[in-house]
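A.B. asks: Structure in structure tokens, see below.
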Amino acid sequence: MYYQPIVDISRPGDPCSGAEALIRWNSEAMGMISPSEFIPLAEYLGLINPIGSFALKEACHRCKYWNDMGHPEYHVNVNLSVVQLLQNDMKEKVREVLEETKMDPANLTLEVTESLAINDMKRMKRILSDIKSLGVKVALDDFGTGYSSLNHIRELPIDIIKIDRCFIIDIGKDEYAEAFVKMVSELAETIGVRICVEGVEEIEQVEKLRSMKVQYIQGYYYGKPMRAEDFEKKYL
């Protein structure tokens, strides 16, 4: 598991508020393999459930350690695939991990992709509501890509919207990208949902997003995904 810092730019000093947990495969035979290659294969082969369970458990153990080591506010984000979400016992699996790790449910954020959510909105609303009843948060990932609809923000029981990096690359230069981020940010504030922007690499982007009242930022400007030891060395 690798961890990419999530920074809270709404607070003085832009402190780290936790991390997104990202699985990596470093194969002896093939070297570092991208998740975009092995995750679809794992889904096809029926291996994504044990991989997903491993990732969730590891991330929660790590976050509980951070919380115990002087950072009770740190949270961890874990991605869920469509295969995992559609398991009938997903809620129980999350509950078991929370009980085993003794982690505060409020410090766990489960990320689902927007494309996943729109395939069966009624079913997804029920599943996400069930999971949220445990006290965990839900983030809508990759927002703005695919078949975007601002209505999803209102319909789905979500706590955080993650705006895709494609809108950040040219922010300050591309009027559409800037208007989109500003509009989503204002709408989110109105309904009490927080915003996290991914792919931030330059200080100019940080300042522009700060002026739009964006709260959370991820990106190479603050740190690439890193091993747990490196994350702790820098942020613990």
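Residues are referred to by chain and number: the chain letter is A, B, ... according to the order shown in the structure tokens, the number counts from 1 in that chain, and ligands are numbered separately from 1 in the order shown.
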Just the residues within 12 Å of Val97 of chain A, please, counting only C-alpha atoms, with nothing from its chain fewer than 2 positions along; format it as a list in words.

C.D. replies: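 Returned residues: Gly52, Ser53, Phe54, Ala55, Leu56, Lys57, Glu58, Ala59, Cys60, His61, Lys64, Met90, Lys91, Glu92, Lys93, Val94, Arg95, Glu99, Glu100, Thr101, Lys102, Met103, Asp104, Pro105, Leu108, Leu134 and Val136 of chain A.
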
A.B. asks: Give me a file of those residues, with C-alpha atoms, as a PDB file, in the first residue's frame.

C.D. replies:
```pdb
ATOM      1  CA  GLY A  52      -9.860  -5.028  -1.962  1.00  0.00           C
ATOM      2  CA  SER A  53     -10.238  -6.619   1.477  1.00  0.00           C
ATOM      3  CA  PHE A  54      -6.463  -6.543   1.938  1.00  0.00           C
ATOM      4  CA  ALA A  55      -6.286  -2.874   0.920  1.00  0.00           C
ATOM      5  CA  LEU A  56      -9.135  -1.849   3.250  1.00  0.00           C
ATOM      6  CA  LYS A  57      -7.693  -3.700   6.237  1.00  0.00           C
ATOM      7  CA  GLU A  58      -4.139  -2.445   5.688  1.00  0.00           C
ATOM      8  CA  ALA A  59      -5.288   1.155   5.255  1.00  0.00           C
ATOM      9  CA  CYS A  60      -7.443   1.076   8.394  1.00  0.00           C
ATOM     10  CA  HIS A  61      -4.637  -0.454  10.488  1.00  0.00           C
ATOM     11  CA  LYS A  64      -5.454   3.805  13.435  1.00  0.00           C
ATOM     12  CA  MET A  90     -20.091  -5.314   1.832  1.00  0.00           C
ATOM     13  CA  LYS A  91     -21.488  -3.452   4.822  1.00  0.00           C
ATOM     14  CA  GLU A  92     -20.596  -6.346   7.136  1.00  0.00           C
ATOM     15  CA  LYS A  93     -17.085  -6.550   5.704  1.00  0.00           C
ATOM     16  CA  VAL A  94     -16.509  -2.857   6.403  1.00  0.00           C
ATOM     17  CA  ARG A  95     -17.950  -3.281   9.901  1.00  0.00           C
ATOM     18  CA  GLU A  99     -14.107  -3.585  14.709  1.00  0.00           C
ATOM     19  CA  GLU A 100     -10.853  -5.483  14.141  1.00  0.00           C
ATOM     20  CA  THR A 101      -8.733  -2.335  13.744  1.00  0.00           C
ATOM     21  CA  LYS A 102     -10.689  -0.339  16.390  1.00  0.00           C
ATOM     22  CA  MET A 103     -10.530   2.608  14.023  1.00  0.00           C
ATOM     23  CA  ASP A 104     -12.899   5.572  14.350  1.00  0.00           C
ATOM     24  CA  PRO A 105     -15.389   5.096  11.457  1.00  0.00           C
ATOM     25  CA  LEU A 108     -12.563   6.251   6.937  1.00  0.00           C
ATOM     26  CA  LEU A 134     -21.635   2.645  10.027  1.00  0.00           C
ATOM     27  CA  VAL A 136     -17.927   6.206   7.514  1.00  0.00           C
TER      28      VAL A 136
END
```

A.B. asks: With a distance cut-off of 12 Å and only C-alpha atoms, select the neighbouring residues of Asn88 of chain A, excluding the residue or stretch itself and same-chain residues fewer than 6 positions from it, and output the selection as a PyMOL selection string.

C.D. replies: chain A and resi 94+123+126-127+130-131

A.B. asks: Just asking: which residues within segment 72-217 of chain A are strand (DSSP E or B) according to DSSP, as a list in words?

C.D. replies: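 The strand (DSSP E or B) residues within segment 72-217 of chain A come out as His75, Val76, Asn77, Val78, Asn79, Leu108, Thr109, Leu110, Glu111, Val112, Thr113, Lys137, Val138, Ala139, Leu140, Asp141, Asp142, Phe143, Ile160, Ile161, Lys162, Ile163, Arg194, Ile195, Cys196, Val197, Tyr216 and Ile217 of chain A.
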
A.B. asks: Can I get the residues of segment 86-155 of chain A within 9 Å of segment 189-212 of chain A, each with the closest pair of atoms and their distance in Å to one decimal, using only C-alpha atoms, sorted chain first then ascending number, as a Markdown table?

C.D. replies:
```
| residue | atom | partner | partner_atom | distance |
| --- | --- | --- | --- | --- |
| A:Asp142 | CA | A:Glu198 | CA | 8.7 |
| A:Ile153 | CA | A:Val193 | CA | 8.5 |
| A:Arg154 | CA | A:Ile191 | CA | 7.8 |
```

A.B. asks: Output C-alpha atoms for every residue in that selection, as a PDB file, in the first residue's frame.

C.D. replies:
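The file below, again_39.pdb, is the result:
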```pdb
ATOM      1  CA  ASP A 142     -13.373  11.356 -10.759  1.00  0.00           C
ATOM      2  CA  ILE A 153     -24.386  15.470  -6.098  1.00  0.00           C
ATOM      3  CA  ARG A 154     -27.894  15.937  -4.762  1.00  0.00           C
TER       4      ARG A 154
END
```

A.B. asks: What is the atom CA of Ile163 of chain A to atom CA of Phe143 of chain A distance in Å?

C.D. replies: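 Atom CA of Phe143 of chain A lies 4.9 Å from atom CA of Ile163 of chain A.
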
A.B. asks: Find the residues near Ser10 of chain A: any atom within 9 Å, counting only C-alpha atoms, skip ones fewer than 5 places away on the same chain, and give them as a PyMOL selection string.

C.D. replies: chain A and resi 210+213-216

A.B. asks: Give me a file of those residues, with all heavy atoms, as a short mmCIF file (atom, residue, chain, number, x, y, z; two decimals), in the first residue's frame.

C.D. replies:
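Saved the output as part-v2.cif:
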```
data_model
loop_
_atom_site.label_atom_id
_atom_site.label_comp_id
_atom_site.auth_asym_id
_atom_site.auth_seq_id
_atom_site.Cartn_x
_atom_site.Cartn_y
_atom_site.Cartn_z
N ARG A 210 -7.72 27.89 -3.53
CA ARG A 210 -8.00 28.46 -2.20
C ARG A 210 -9.03 29.60 -2.31
O ARG A 210 -9.91 29.73 -1.47
CB ARG A 210 -6.69 28.99 -1.60
CG ARG A 210 -6.77 29.18 -0.07
CD ARG A 210 -5.58 29.97 0.44
NE ARG A 210 -4.30 29.46 0.02
CZ ARG A 210 -3.65 28.48 0.65
NH1 ARG A 210 -4.18 27.91 1.71
NH2 ARG A 210 -2.47 28.07 0.22
N LYS A 213 -12.59 28.48 -2.29
CA LYS A 213 -13.03 27.82 -1.06
C LYS A 213 -13.00 26.30 -1.15
O LYS A 213 -13.81 25.61 -0.51
CB LYS A 213 -14.44 28.29 -0.66
CG LYS A 213 -14.51 29.78 -0.34
CD LYS A 213 -15.90 30.17 0.12
CE LYS A 213 -15.98 31.66 0.44
NZ LYS A 213 -17.33 32.07 0.85
N VAL A 214 -12.08 25.77 -1.97
CA VAL A 214 -11.84 24.33 -1.98
C VAL A 214 -11.14 23.98 -0.67
O VAL A 214 -10.27 24.71 -0.20
CB VAL A 214 -10.95 23.94 -3.19
CG1 VAL A 214 -10.43 22.53 -3.06
CG2 VAL A 214 -11.75 24.10 -4.48
N GLN A 215 -11.51 22.84 -0.06
CA GLN A 215 -10.91 22.49 1.23
C GLN A 215 -9.71 21.55 1.09
O GLN A 215 -8.66 21.80 1.67
CB GLN A 215 -11.95 21.84 2.15
CG GLN A 215 -11.37 21.49 3.52
CD GLN A 215 -12.42 21.12 4.54
OE1 GLN A 215 -13.60 21.03 4.25
NE2 GLN A 215 -11.99 20.89 5.77
N TYR A 216 -9.89 20.46 0.34
CA TYR A 216 -8.83 19.45 0.28
C TYR A 216 -8.14 19.42 -1.07
O TYR A 216 -8.77 19.61 -2.11
CB TYR A 216 -9.41 18.06 0.57
CG TYR A 216 -10.00 17.90 1.94
CD1 TYR A 216 -11.34 17.56 2.11
CD2 TYR A 216 -9.22 18.08 3.09
CE1 TYR A 216 -11.89 17.39 3.37
CE2 TYR A 216 -9.76 17.92 4.35
CZ TYR A 216 -11.10 17.58 4.49
OH TYR A 216 -11.64 17.42 5.74
#
```

A.B. asks: With only C-alpha atoms as the basis for distance, which of A:Ala29, A:Met1, A:Asn77, A:Asp68 is at the shortest distance from Ile51 of chain A?

C.D. replies: A:Met1

A.B. asks: Can you measure atom CA of Gln84 of chain A to atom CA of Asp159 of chain A for me? One decimal in Å is fine.

C.D. replies: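 Interatomic distance here is 19.8 Å.
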
A.B. asks: For atom CA of Val83 of chain A and atom CA of Leu22 of chain A, determine how far apart the two atoms are, in Å to one decimal place.

C.D. replies: 17.3 Å

A.B. asks: I need the residues in segment 63-183 of chain A that are alpha helix (DSSP H) according to DSSP; give them as a PyMOL selection string.

C.D. replies: chain A and resi 63-68+82-85+90-101+114-119+121-132+151-155+175-183

A.B. asks: Which one of A:Val112, A:Val76, A:Leu41, A:Ala188 sits closest to Gly18 of chain A if you count only C-alpha atoms?

C.D. replies: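 Closest to Gly18 of chain A, using only C-alpha atoms: A:Val76.
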
A.B. asks: Using only C-alpha atoms, determine which residues lie at most 6 Å from Val78 of chain A, disregarding the query and same-chain residues fewer than 5 positions distant; provide the list as a PDB file with N, CA, C and O atoms, in the first residue's frame.

C.D. replies:
```
ATOM      1  N   ALA A  21      -5.199   5.821   0.228  1.00  0.00           N
ATOM      2  CA  ALA A  21      -4.460   4.561   0.150  1.00  0.00           C
ATOM      3  C   ALA A  21      -4.548   4.028  -1.279  1.00  0.00           C
ATOM      4  O   ALA A  21      -5.634   3.902  -1.840  1.00  0.00           O
ATOM      5  N   LEU A 110     -14.686   6.073   1.961  1.00  0.00           N
ATOM      6  CA  LEU A 110     -14.707   5.101   0.871  1.00  0.00           C
ATOM      7  C   LEU A 110     -15.024   5.831  -0.426  1.00  0.00           C
ATOM      8  O   LEU A 110     -16.003   6.572  -0.503  1.00  0.00           O
ATOM      9  N   GLU A 111     -14.172   5.636  -1.430  1.00  0.00           N
ATOM     10  CA  GLU A 111     -14.327   6.339  -2.707  1.00  0.00           C
ATOM     11  C   GLU A 111     -14.991   5.447  -3.749  1.00  0.00           C
ATOM     12  O   GLU A 111     -14.587   4.299  -3.945  1.00  0.00           O
TER      13      GLU A 111
END
```
